[in-house]
file model-v7.txt (compact mmCIF, C-alpha atoms and all ligand atoms)
# COMPACT_ATOMS: atom_id res chain seq x y z
CA MET A 446 0.00 0.00 0.00
CA ASN A 447 2.79 2.34 0.98
CA ILE A 448 4.60 1.79 -2.32
CA ILE A 449 1.55 3.09 -4.22
CA PHE A 450 1.51 6.16 -1.97
CA TYR A 451 5.15 6.83 -2.89
CA ILE A 452 4.54 6.24 -6.60
CA ILE A 453 1.76 8.86 -6.40
CA LEU A 454 4.20 11.25 -4.67
CA PHE A 455 6.76 10.59 -7.41
CA ILE A 456 4.23 11.38 -10.14
CA MET A 457 3.23 14.52 -8.22
CA GLY A 458 6.94 15.43 -8.09
CA ILE A 459 7.53 15.07 -11.83
CA THR A 460 4.34 17.02 -12.56
CA PHE A 461 5.58 19.88 -10.37
CA GLY A 462 8.98 19.49 -12.04
CA SER A 463 7.31 19.97 -15.42
CA PHE A 464 5.60 23.12 -14.10
CA TYR A 465 8.92 24.42 -12.71
CA THR A 466 10.74 24.15 -16.05
CA LEU A 467 7.83 25.86 -17.80
CA ALA A 468 7.61 28.64 -15.20
CA VAL A 469 11.37 29.31 -15.15
CA TYR A 470 11.22 29.73 -18.94
CA ARG A 471 8.02 31.81 -19.04
CA ILE A 472 8.01 34.09 -15.97
CA PRO A 473 11.02 36.25 -17.03
CA LYS A 474 9.49 36.55 -20.53
CA ARG A 475 6.15 37.57 -18.97
CA ILE A 476 4.25 34.78 -20.71
CA ASP A 477 1.12 33.63 -18.87
CA ILE A 478 1.98 30.41 -16.98
CA VAL A 479 -1.58 29.08 -16.82
CA HIS A 480 -3.50 30.04 -19.96
CA THR A 481 -0.91 30.05 -22.72
CA HIS A 482 -0.79 26.69 -24.46
CA SER A 483 2.59 24.92 -24.43
CA TYR A 484 4.49 24.99 -27.69
CA CYS A 485 7.77 23.81 -29.16
CA PRO A 486 10.27 26.71 -28.90
CA ASN A 487 11.80 25.68 -32.25
CA CYS A 488 8.83 25.18 -34.62
CA ASN A 489 6.15 26.91 -32.45
CA HIS A 490 3.83 23.95 -32.98
CA LYS A 491 1.25 23.62 -30.19
CA LEU A 492 1.92 20.57 -28.05
CA GLY A 493 -0.79 17.94 -27.77
CA PHE A 494 -1.92 16.19 -24.61
CA LEU A 495 0.47 13.25 -25.09
CA ASP A 496 3.45 15.58 -25.57
CA LEU A 497 2.72 17.19 -22.22
CA ILE A 498 3.05 14.10 -20.02
CA PRO A 499 6.20 14.72 -17.98
CA VAL A 500 9.15 12.32 -18.31
CA PHE A 501 7.24 9.67 -20.34
CA SER A 502 6.69 11.88 -23.38
CA TYR A 503 10.44 12.58 -23.42
CA ILE A 504 11.21 8.85 -23.35
CA PHE A 505 8.63 7.91 -26.03
CA LEU A 506 9.62 10.73 -28.36
CA ARG A 507 13.30 9.88 -27.77
CA GLY A 508 14.10 13.44 -26.78
CA LYS A 509 12.85 15.00 -30.04
CA CYS A 510 9.96 17.29 -30.95
CA ARG A 511 7.16 15.22 -32.56
CA TYR A 512 6.63 17.85 -35.26
CA CYS A 513 10.03 19.24 -36.30
CA LYS A 514 12.32 16.53 -34.83
CA GLU A 515 14.41 19.20 -33.12
CA LYS A 516 16.21 17.82 -30.07
CA ILE A 517 14.62 18.77 -26.73
CA ARG A 518 17.19 19.87 -24.17
CA PRO A 519 17.65 16.90 -21.80
CA ARG A 520 17.80 19.23 -18.82
CA TYR A 521 13.98 19.46 -18.79
CA PHE A 522 13.77 15.72 -18.51
CA ILE A 523 16.51 15.61 -15.85
CA LEU A 524 14.84 18.37 -13.80
CA GLU A 525 11.50 16.54 -13.85
CA ILE A 526 13.07 13.28 -12.67
CA LEU A 527 15.07 15.10 -9.97
CA SER A 528 11.94 16.84 -8.77
CA GLY A 529 10.14 13.47 -8.49
CA ILE A 530 13.05 11.98 -6.54
CA PHE A 531 13.16 15.05 -4.29
CA PHE A 532 9.47 14.74 -3.41
CA VAL A 533 9.87 11.04 -2.55
CA LEU A 534 13.04 11.60 -0.48
CA THR A 535 11.36 14.47 1.41
CA ALA A 536 8.32 12.33 2.28
CA LEU A 537 10.59 9.43 3.33
CA CYS A 538 12.70 11.69 5.56
CA MET A 539 9.53 13.17 7.07
CA GLY A 540 8.50 9.61 7.97
CA MET A 541 5.29 9.76 5.94
CA ARG A 542 3.44 6.43 5.68
CA ILE A 543 -0.04 6.07 4.31
CA GLU A 544 -1.15 3.96 7.32
CA THR A 545 -0.03 6.53 9.89
CA LEU A 546 -0.42 9.76 7.93
CA THR A 547 -1.73 12.60 10.10
CA ILE A 548 -3.30 15.86 8.99
CA TYR A 549 -0.32 17.73 10.51
CA GLN A 550 2.14 15.71 8.44
CA ALA A 551 0.10 16.40 5.32
CA ILE A 552 0.02 20.15 6.06
CA ASP A 553 3.78 20.17 6.80
CA PHE A 554 4.43 18.42 3.51
CA ALA A 555 2.22 20.90 1.65
CA PHE A 556 4.21 23.80 3.13
CA VAL A 557 7.46 22.12 2.12
CA ILE A 558 6.17 21.84 -1.47
CA LEU A 559 5.13 25.52 -1.50
CA PHE A 560 8.61 26.36 -0.19
CA TYR A 561 10.35 24.16 -2.81
CA THR A 562 8.31 25.92 -5.48
CA PHE A 563 9.64 29.31 -4.33
CA VAL A 564 13.27 28.15 -4.10
CA ILE A 565 13.33 26.32 -7.44
CA LEU A 566 11.66 29.15 -9.40
CA MET A 567 13.85 31.80 -7.73
CA ALA A 568 17.08 29.79 -8.26
CA GLY A 569 16.18 28.72 -11.81
CA ILE A 570 15.42 32.26 -12.97
CA ASP A 571 18.47 33.67 -11.15
CA LYS A 572 20.75 31.15 -12.87
CA GLU A 573 19.47 32.25 -16.30
CA GLU A 574 19.14 36.00 -15.72
CA ILE A 575 21.19 36.91 -12.60
CA ASN A 576 18.06 38.48 -11.21
CA ILE A 577 15.77 37.69 -8.29
CA ASN A 578 12.33 37.74 -9.91
CA GLN A 579 10.01 40.13 -8.08
CA PRO A 580 6.67 38.22 -8.34
CA VAL A 581 8.41 34.98 -7.31
CA LEU A 582 9.94 36.79 -4.33
CA MET A 583 6.54 38.15 -3.29
CA TYR A 584 5.15 34.62 -3.52
CA GLY A 585 7.96 33.47 -1.19
CA VAL A 586 7.23 36.22 1.32
CA LEU A 587 3.50 35.36 1.25
CA VAL A 588 4.11 31.63 1.78
CA SER A 589 6.47 32.27 4.69
CA VAL A 590 4.00 34.69 6.36
CA ILE A 591 1.20 32.08 6.07
CA TYR A 592 3.59 29.43 7.41
CA MET A 593 4.50 31.60 10.42
CA ALA A 594 0.81 32.21 11.14
CA TYR A 595 0.20 28.45 10.99
CA LEU A 596 3.14 27.71 13.33
CA TYR A 597 1.87 30.33 15.76
CA ILE A 598 -1.61 28.78 15.82
CA ILE A 599 -0.55 25.14 16.30
CA GLU A 600 2.40 25.80 18.63
CA GLU A 601 0.71 28.59 20.57
CA SER A 602 4.22 29.77 21.25
CA SER A 603 5.64 33.24 21.67
CA ILE A 604 4.54 35.51 18.88
CA TYR A 605 7.61 37.76 19.13
CA ARG A 606 9.78 35.73 16.78
CA TYR A 607 7.18 36.06 14.04
CA VAL A 608 6.55 39.73 14.71
CA ILE A 609 10.30 40.34 14.35
CA TYR A 610 10.29 38.58 10.98
CA LEU A 611 7.30 40.61 9.80
CA VAL A 612 8.98 43.88 10.85
CA ILE A 613 12.16 42.88 8.98
CA TYR A 614 10.06 42.09 5.87
CA VAL A 615 8.29 45.44 5.98
CA ILE A 616 11.57 47.36 6.45
CA ILE A 617 13.37 45.58 3.58
CA LEU A 618 10.37 45.88 1.26
CA ALA A 619 10.09 49.59 2.08
CA ILE A 620 13.80 50.20 1.41
CA GLU A 621 13.56 48.20 -1.79
CA THR A 622 10.53 50.16 -3.02
CA ILE A 623 12.32 53.43 -2.36
CA SER A 624 15.53 52.32 -4.13
CA LEU A 625 13.41 50.90 -6.96
CA ARG A 626 11.95 54.29 -7.68
CA LYS A 627 15.44 55.72 -8.13
CA LYS A 628 16.89 53.01 -10.36
CA ALA A 629 13.80 51.51 -11.98
CA GLN A 630 15.40 48.09 -11.71
CA THR A 631 15.08 45.31 -9.17
CA ASN A 632 17.84 45.39 -6.62
CA TYR A 633 19.88 42.20 -6.55
CA PHE A 634 21.08 42.80 -3.01
CA TYR A 635 17.62 43.19 -1.46
CA GLY A 636 16.31 40.26 -3.49
CA ASN A 637 18.98 38.00 -2.04
CA LEU A 638 18.46 39.42 1.45
CA LEU A 639 14.75 38.54 1.34
CA THR A 640 15.62 35.11 -0.02
CA ILE A 641 17.97 34.54 2.93
CA ILE A 642 15.20 35.49 5.38
CA ILE A 643 12.68 33.16 3.71
CA LEU A 644 15.26 30.33 3.83
CA SER A 645 15.91 30.98 7.52
CA ILE A 646 12.21 30.55 8.30
CA PHE A 647 11.91 27.19 6.55
CA ILE A 648 15.15 25.21 6.67
CA GLY A 649 16.18 25.30 10.34
CA ALA A 650 19.26 26.78 12.02
CA THR A 651 21.88 24.13 11.15
CA ALA A 652 20.97 23.96 7.47
CA PHE A 653 20.78 27.75 7.36
CA ILE A 654 24.31 28.25 8.73
CA ILE A 655 25.77 25.64 6.34
CA THR A 656 23.93 27.28 3.41
CA ILE A 657 25.30 30.75 4.19
CA ILE A 658 28.88 29.50 4.70
CA SER A 659 28.80 27.36 1.50
CA THR A 660 27.46 30.30 -0.51
CA ILE A 661 30.17 32.66 0.79
CA VAL A 662 32.92 30.08 0.11
CA THR A 663 31.63 29.50 -3.44
CA VAL A 664 31.45 33.24 -4.17
CA ILE A 665 35.04 33.70 -2.92
CA ALA A 666 36.22 30.72 -5.01
CA TYR A 667 34.50 32.24 -8.07
CA LYS A 668 36.25 35.59 -7.49
CA ILE A 669 39.69 33.97 -7.06
CA LEU A 670 39.22 31.90 -10.24
CA ASP A 671 38.16 35.05 -12.06
CA LYS A 672 41.35 36.85 -10.97
CA LEU A 673 43.56 33.90 -11.97
CA ILE A 674 41.96 33.61 -15.41
CA ASN A 675 42.38 37.35 -16.01
CA LYS A 676 46.01 37.17 -14.90
CA ARG A 677 46.73 34.32 -17.27
CA ARG A 678 45.14 36.20 -20.14
CA ASN A 679 47.43 39.12 -19.27
CA VAL A 680 44.66 41.63 -19.39
CA VAL A 681 45.92 45.14 -18.92
CA LYS A 682 42.89 47.27 -19.64
CA GLU A 683 40.15 47.23 -17.02
CA LYS A 684 37.31 46.90 -19.51
CA GLU A 685 38.78 43.84 -21.23
CA LYS A 686 38.53 41.85 -18.02
CA LEU A 687 36.27 38.84 -18.04
CA THR A 688 33.96 39.18 -15.09
CA THR A 689 31.52 36.39 -14.59
CA LYS A 690 28.42 37.48 -12.75
CA ILE A 691 27.72 35.17 -9.86
CA PRO A 692 24.13 33.86 -9.43
CA VAL A 693 24.02 34.28 -5.64
CA GLY A 694 20.31 33.42 -5.41
CA PHE A 695 20.91 30.21 -7.34
CA LEU A 696 23.69 29.23 -4.91
CA LEU A 697 21.55 30.08 -1.86
CA GLY A 698 18.62 28.09 -3.24
CA THR A 699 20.65 25.02 -4.22
CA TYR A 700 22.57 24.83 -0.95
CA GLY A 701 19.38 25.62 0.98
CA LEU A 702 17.40 22.75 -0.55
CA LEU A 703 20.23 20.23 -0.24
CA THR A 704 21.05 21.06 3.39
CA PHE A 705 17.33 21.10 4.25
CA LEU A 706 16.88 17.59 2.88
CA LEU A 707 20.13 16.47 4.53
CA THR A 708 19.04 17.69 7.98
CA LEU A 709 15.64 15.99 7.53
CA PHE A 710 17.52 12.81 6.66
CA CYS A 711 19.92 13.07 9.63
CA ASN A 712 17.12 13.82 12.10
CA ARG A 713 15.20 10.80 10.87
CA TYR A 714 17.87 8.15 10.41
CA LEU A 715 21.05 9.16 12.22
CA LEU A 716 20.13 10.99 15.42
ZN ZN B 801 9.20 21.48 -32.79

call {"tool": "encode", "arguments": {"input": "model-v7.txt", "output": "structure tokens"}}
result
Amino acid sequence: MNIIFYIILFIMGITFGSFYTLAVYRIPKRIDIVHTHSYCPNCNHKLGFLDLIPVFSYIFLRGKCRYCKEKIRPRYFILEILSGIFFVLTALCMGMRIETLTIYQAIDFAFVILFYTFVILMAGIDKEEININQPVLMYGVLVSVIYMAYLYIIEESSIYRYVIYLVIYVIILAIETISLRKKAQTNYFYGNLLTIIILSIFIGATAFIITIISTIVTVIAYKILDKLINKRRNVVKEKEKLTTKIPVGFLLGTYGLLTFLLTLFCNRYLL
């Protein structure tokens, strides 16, 4: 019985994975993510129902568009599979079994999925554009506020922690709105700052600290590599320097998700 439950979770995971790849592609281009029909980016042919089944359509079509035979980038397929595996691993580490499933477990799992959705969309768009997408960020803030309200209700604990978070949100959003008016462009720094706060609410202290340290180490490594490459190329003029922009949000999101799953795993099986 339990195996069927996990197969359903896996299918749910690949379906979300399919939505993630679509949303990461469409949101920055401001294409409607719900009403616009899916199409092949090469021949613009509308995709039929069978072409839209995640993972399986890729296998049956052997990684090619049914209409123009253009190769489909395998990363869509890989992301869908990974997303399915991630859902199953999360449920396993949360100790979810169909026989003993409680409403609280189900709600916790739903929040985790809403959180994954924020992190994956934010990180995916940041990796492509070096930009923390504003609507995605607002979605993340909203989910974390609802989550804090839920925690407050079921734990009946001190409200101060959540009030502090809310105040921080309001301050950062206010500063960002003011700086936005001056530059007319989303501020990368504030975007990442808000992302860090959202992560800190969901992933727990240990995972949070590891995420921050790993991100800082990676950024420093990037910078050193950049310097070395420029030295080797003997670049004299400042403007000829190769400077790779670092997707900080992508790093935060990737490390955040991995350490979150790792701490779930350790709490369940090792401690
Ligand atoms: Zn095509």

call {"tool": "closest_atom_pairs", "arguments": {"input": "model-v7.txt", "of": "chain A", "to": "ligand ZN 801 (chain B)", "cutoff": "12 Å", "atoms": "only C-alpha atoms and all ligand atoms", "output": "JSON lines"}}
result
{"residue": "A:Ser483", "atom": "CA", "partner": "B:ZN801", "partner_atom": "ZN", "distance": 11.2}
{"residue": "A:Tyr484", "atom": "CA", "partner": "B:ZN801", "partner_atom": "ZN", "distance": 7.8}
{"residue": "A:Cys485", "atom": "CA", "partner": "B:ZN801", "partner_atom": "ZN", "distance": 4.5}
{"residue": "A:Pro486", "atom": "CA", "partner": "B:ZN801", "partner_atom": "ZN", "distance": 6.6}
{"residue": "A:Asn487", "atom": "CA", "partner": "B:ZN801", "partner_atom": "ZN", "distance": 5.0}
{"residue": "A:Cys488", "atom": "CA", "partner": "B:ZN801", "partner_atom": "ZN", "distance": 4.1}
{"residue": "A:Asn489", "atom": "CA", "partner": "B:ZN801", "partner_atom": "ZN", "distance": 6.2}
{"residue": "A:His490", "atom": "CA", "partner": "B:ZN801", "partner_atom": "ZN", "distance": 5.9}
{"residue": "A:Lys491", "atom": "CA", "partner": "B:ZN801", "partner_atom": "ZN", "distance": 8.6}
{"residue": "A:Leu492", "atom": "CA", "partner": "B:ZN801", "partner_atom": "ZN", "distance": 8.7}
{"residue": "A:Gly493", "atom": "CA", "partner": "B:ZN801", "partner_atom": "ZN", "distance": 11.7}
{"residue": "A:Asp496", "atom": "CA", "partner": "B:ZN801", "partner_atom": "ZN", "distance": 11.0}
{"residue": "A:Leu506", "atom": "CA", "partner": "B:ZN801", "partner_atom": "ZN", "distance": 11.6}
{"residue": "A:Gly508", "atom": "CA", "partner": "B:ZN801", "partner_atom": "ZN", "distance": 11.2}
{"residue": "A:Lys509", "atom": "CA", "partner": "B:ZN801", "partner_atom": "ZN", "distance": 7.9}
{"residue": "A:Cys510", "atom": "CA", "partner": "B:ZN801", "partner_atom": "ZN", "distance": 4.6}
{"residue": "A:Arg511", "atom": "CA", "partner": "B:ZN801", "partner_atom": "ZN", "distance": 6.6}
{"residue": "A:Tyr512", "atom": "CA", "partner": "B:ZN801", "partner_atom": "ZN", "distance": 5.1}
{"residue": "A:Cys513", "atom": "CA", "partner": "B:ZN801", "partner_atom": "ZN", "distance": 4.2}
{"residue": "A:Lys514", "atom": "CA", "partner": "B:ZN801", "partner_atom": "ZN", "distance": 6.2}
{"residue": "A:Glu515", "atom": "CA", "partner": "B:ZN801", "partner_atom": "ZN", "distance": 5.7}
{"residue": "A:Lys516", "atom": "CA", "partner": "B:ZN801", "partner_atom": "ZN", "distance": 8.4}
{"residue": "A:Ile517", "atom": "CA", "partner": "B:ZN801", "partner_atom": "ZN", "distance": 8.6}
{"residue": "A:Arg518", "atom": "CA", "partner": "B:ZN801", "partner_atom": "ZN", "distance": 11.9}

call {"tool": "write_last_selection", "arguments": {"input": "model-v7.txt", "atoms": "C-alpha atoms", "output": "PDB file, in the coordinates of the input"}}
result
ATOM      1  CA  SER A 483       2.590  24.920 -24.430  1.00  0.00           C
ATOM      2  CA  TYR A 484       4.490  24.990 -27.690  1.00  0.00           C
ATOM      3  CA  CYS A 485       7.770  23.810 -29.160  1.00  0.00           C
ATOM      4  CA  PRO A 486      10.270  26.710 -28.900  1.00  0.00           C
ATOM      5  CA  ASN A 487      11.800  25.680 -32.250  1.00  0.00           C
ATOM      6  CA  CYS A 488       8.830  25.180 -34.620  1.00  0.00           C
ATOM      7  CA  ASN A 489       6.150  26.910 -32.450  1.00  0.00           C
ATOM      8  CA  HIS A 490       3.830  23.950 -32.980  1.00  0.00           C
ATOM      9  CA  LYS A 491       1.250  23.620 -30.190  1.00  0.00           C
ATOM     10  CA  LEU A 492       1.920  20.570 -28.050  1.00  0.00           C
ATOM     11  CA  GLY A 493      -0.790  17.940 -27.770  1.00  0.00           C
ATOM     12  CA  ASP A 496       3.450  15.580 -25.570  1.00  0.00           C
ATOM     13  CA  LEU A 506       9.620  10.730 -28.360  1.00  0.00           C
ATOM     14  CA  GLY A 508      14.100  13.440 -26.780  1.00  0.00           C
ATOM     15  CA  LYS A 509      12.850  15.000 -30.040  1.00  0.00           C
ATOM     16  CA  CYS A 510       9.960  17.290 -30.950  1.00  0.00           C
ATOM     17  CA  ARG A 511       7.160  15.220 -32.560  1.00  0.00           C
ATOM     18  CA  TYR A 512       6.630  17.850 -35.260  1.00  0.00           C
ATOM     19  CA  CYS A 513      10.030  19.240 -36.300  1.00  0.00           C
ATOM     20  CA  LYS A 514      12.320  16.530 -34.830  1.00  0.00           C
ATOM     21  CA  GLU A 515      14.410  19.200 -33.120  1.00  0.00           C
ATOM     22  CA  LYS A 516      16.210  17.820 -30.070  1.00  0.00           C
ATOM     23  CA  ILE A 517      14.620  18.770 -26.730  1.00  0.00           C
ATOM     24  CA  ARG A 518      17.190  19.870 -24.170  1.00  0.00           C
TER      25      ARG A 518
END

call {"tool": "closest_residue", "arguments": {"input": "model-v7.txt", "among": "A:Leu644, A:Ile453, A:Leu566, A:Val588", "to": "Pro473 (chain A)", "atoms": "all atoms listed in the file"}}
result
A:Leu566

call {"tool": "residues_around", "arguments": {"input": "model-v7.txt", "residues": "region 577-581 of chain A", "least_positions_apart": "3", "cutoff": "6 Å", "atoms": "only C-alpha atoms", "output": "list of chain:residue names"}}
result
A:Asp571, A:Tyr584, A:Gly636

call {"tool": "residues_around", "arguments": {"input": "model-v7.txt", "residues": "Phe710 (chain A)", "least_positions_apart": "5", "cutoff": "9 Å", "atoms": "all atoms listed in the file", "output": "PDB file with C-alpha atoms, in the coordinates of the input"}}
result
ATOM      1  CA  LEU A 534      13.040  11.600  -0.480  1.00  0.00           C
ATOM      2  CA  THR A 535      11.360  14.470   1.410  1.00  0.00           C
ATOM      3  CA  LEU A 537      10.590   9.430   3.330  1.00  0.00           C
ATOM      4  CA  CYS A 538      12.700  11.690   5.560  1.00  0.00           C
ATOM      5  CA  MET A 539       9.530  13.170   7.070  1.00  0.00           C
ATOM      6  CA  PHE A 705      17.330  21.100   4.250  1.00  0.00           C
ATOM      7  CA  LEU A 715      21.050   9.160  12.220  1.00  0.00           C
TER       8      LEU A 715
END

call {"tool": "residues_near_point", "arguments": {"input": "model-v7.txt", "point": "(16.7, 16.0, 7.2)", "cutoff": "12 Å", "atoms": "all atoms listed in the file", "output": "ChimeraX atom specification"}}
result
/A:534-540,648-649,651-652,701-716

call {"tool": "closest_residue", "arguments": {"input": "model-v7.txt", "among": "A:Phe695, A:Phe532, A:Phe501, A:Tyr605", "to": "Val664 (chain A)", "atoms": "only C-alpha atoms"}}
result
A:Phe695

call {"tool": "atom_distance", "arguments": {"input": "model-v7.txt", "atom1": "CA of Leu559 (chain A)", "atom2": "CA of Ile616 (chain A)"}}
result
24.1 Å

call {"tool": "residues_around", "arguments": {"input": "model-v7.txt", "residues": "Thr640 (chain A)", "least_positions_apart": "4", "cutoff": "9 Å", "atoms": "only C-alpha atoms", "output": "VMD selection string"}}
result
chain A and resid 564 567 577 582 585 to 586 635 to 636 644 to 645 694 697 to 698

call {"tool": "closest_residue", "arguments": {"input": "model-v7.txt", "among": "A:Ile642, A:Ile604, A:Ile523, A:Ile575", "to": "Lys690 (chain A)", "atoms": "only C-alpha atoms"}}
result
A:Ile575

call {"tool": "closest_residue", "arguments": {"input": "model-v7.txt", "among": "A:Ala650, A:Ile655, A:Ile599, A:Leu524", "to": "Gly569 (chain A)", "atoms": "all atoms listed in the file"}}
result
A:Leu524

call {"tool": "residues_around", "arguments": {"input": "model-v7.txt", "residues": "Glu573 (chain A)", "least_positions_apart": "3", "cutoff": "9 Å", "atoms": "all atoms listed in the file", "output": "ChimeraX atom specification"}}
result
/A:469,568-570,576,692

call {"tool": "write_last_selection", "arguments": {"input": "model-v7.txt", "atoms": "C-alpha atoms", "output": "PDB file, in the frame of the given file"}}
result
ATOM      1  CA  VAL A 469      11.370  29.310 -15.150  1.00  0.00           C
ATOM      2  CA  ALA A 568      17.080  29.790  -8.260  1.00  0.00           C
ATOM      3  CA  GLY A 569      16.180  28.720 -11.810  1.00  0.00           C
ATOM      4  CA  ILE A 570      15.420  32.260 -12.970  1.00  0.00           C
ATOM      5  CA  ASN A 576      18.060  38.480 -11.210  1.00  0.00           C
ATOM      6  CA  PRO A 692      24.130  33.860  -9.430  1.00  0.00           C
TER       7      PRO A 692
END

call {"tool": "residues_around", "arguments": {"input": "model-v7.txt", "residues": "Val557 (chain A)", "least_positions_apart": "4", "cutoff": "9 Å", "atoms": "all atoms listed in the file", "output": "mmCIF file with C-alpha atoms, keeping the file's coordinate frame"}}
result
data_model
loop_
_atom_site.group_PDB
_atom_site.id
_atom_site.type_symbol
_atom_site.label_atom_id
_atom_site.label_comp_id
_atom_site.auth_asym_id
_atom_site.auth_seq_id
_atom_site.Cartn_x
_atom_site.Cartn_y
_atom_site.Cartn_z
ATOM 1 C CA THR A 535 11.360 14.470 1.410
ATOM 2 C CA ILE A 552 0.020 20.150 6.060
ATOM 3 C CA ASP A 553 3.780 20.170 6.800
ATOM 4 C CA TYR A 561 10.350 24.160 -2.810
ATOM 5 C CA THR A 562 8.310 25.920 -5.480
ATOM 6 C CA PHE A 647 11.910 27.190 6.550
#

call {"tool": "atom_distance", "arguments": {"input": "model-v7.txt", "atom1": "CA of Thr699 (chain A)", "atom2": "CA of Tyr503 (chain A)"}}
result
25.1 Å

call {"tool": "atom_distance", "arguments": {"input": "model-v7.txt", "atom1": "CA of Gly458 (chain A)", "atom2": "CA of Ser528 (chain A)"}}
result
5.2 Å

call {"tool": "closest_residue", "arguments": {"input": "model-v7.txt", "among": "A:Tyr470, A:Phe450, A:Leu611, A:His480", "to": "Tyr521 (chain A)", "atoms": "all atoms listed in the file"}}
result
A:Tyr470

call {"tool": "closest_residue", "arguments": {"input": "model-v7.txt", "among": "A:Ile641, A:Ile478, A:Val693, A:Ile449", "to": "Ile654 (chain A)", "atoms": "all atoms listed in the file"}}
result
A:Ile641

call {"tool": "decode", "arguments": {"input": "model-v7.txt", "residues": "region 470-499 of chain A", "atoms": "C-alpha atoms", "output": "compact mmCIF listing (two decimals), in the first residue's frame"}}
result
# COMPACT_ATOMS: atom_id res chain seq x y z
CA TYR A 470 11.22 29.73 -18.94
CA ARG A 471 8.02 31.81 -19.04
CA ILE A 472 8.01 34.09 -15.97
CA PRO A 473 11.02 36.25 -17.03
CA LYS A 474 9.49 36.55 -20.53
CA ARG A 475 6.15 37.57 -18.97
CA ILE A 476 4.25 34.78 -20.71
CA ASP A 477 1.12 33.63 -18.87
CA ILE A 478 1.98 30.41 -16.98
CA VAL A 479 -1.58 29.08 -16.82
CA HIS A 480 -3.50 30.04 -19.96
CA THR A 481 -0.91 30.05 -22.72
CA HIS A 482 -0.79 26.69 -24.46
CA SER A 483 2.59 24.92 -24.43
CA TYR A 484 4.49 24.99 -27.69
CA CYS A 485 7.77 23.81 -29.16
CA PRO A 486 10.27 26.71 -28.90
CA ASN A 487 11.80 25.68 -32.25
CA CYS A 488 8.83 25.18 -34.62
CA ASN A 489 6.15 26.91 -32.45
CA HIS A 490 3.83 23.95 -32.98
CA LYS A 491 1.25 23.62 -30.19
CA LEU A 492 1.92 20.57 -28.05
CA GLY A 493 -0.79 17.94 -27.77
CA PHE A 494 -1.92 16.19 -24.61
CA LEU A 495 0.47 13.25 -25.09
CA ASP A 496 3.45 15.58 -25.57
CA LEU A 497 2.72 17.19 -22.22
CA ILE A 498 3.05 14.10 -20.02
CA PRO A 499 6.20 14.72 -17.98
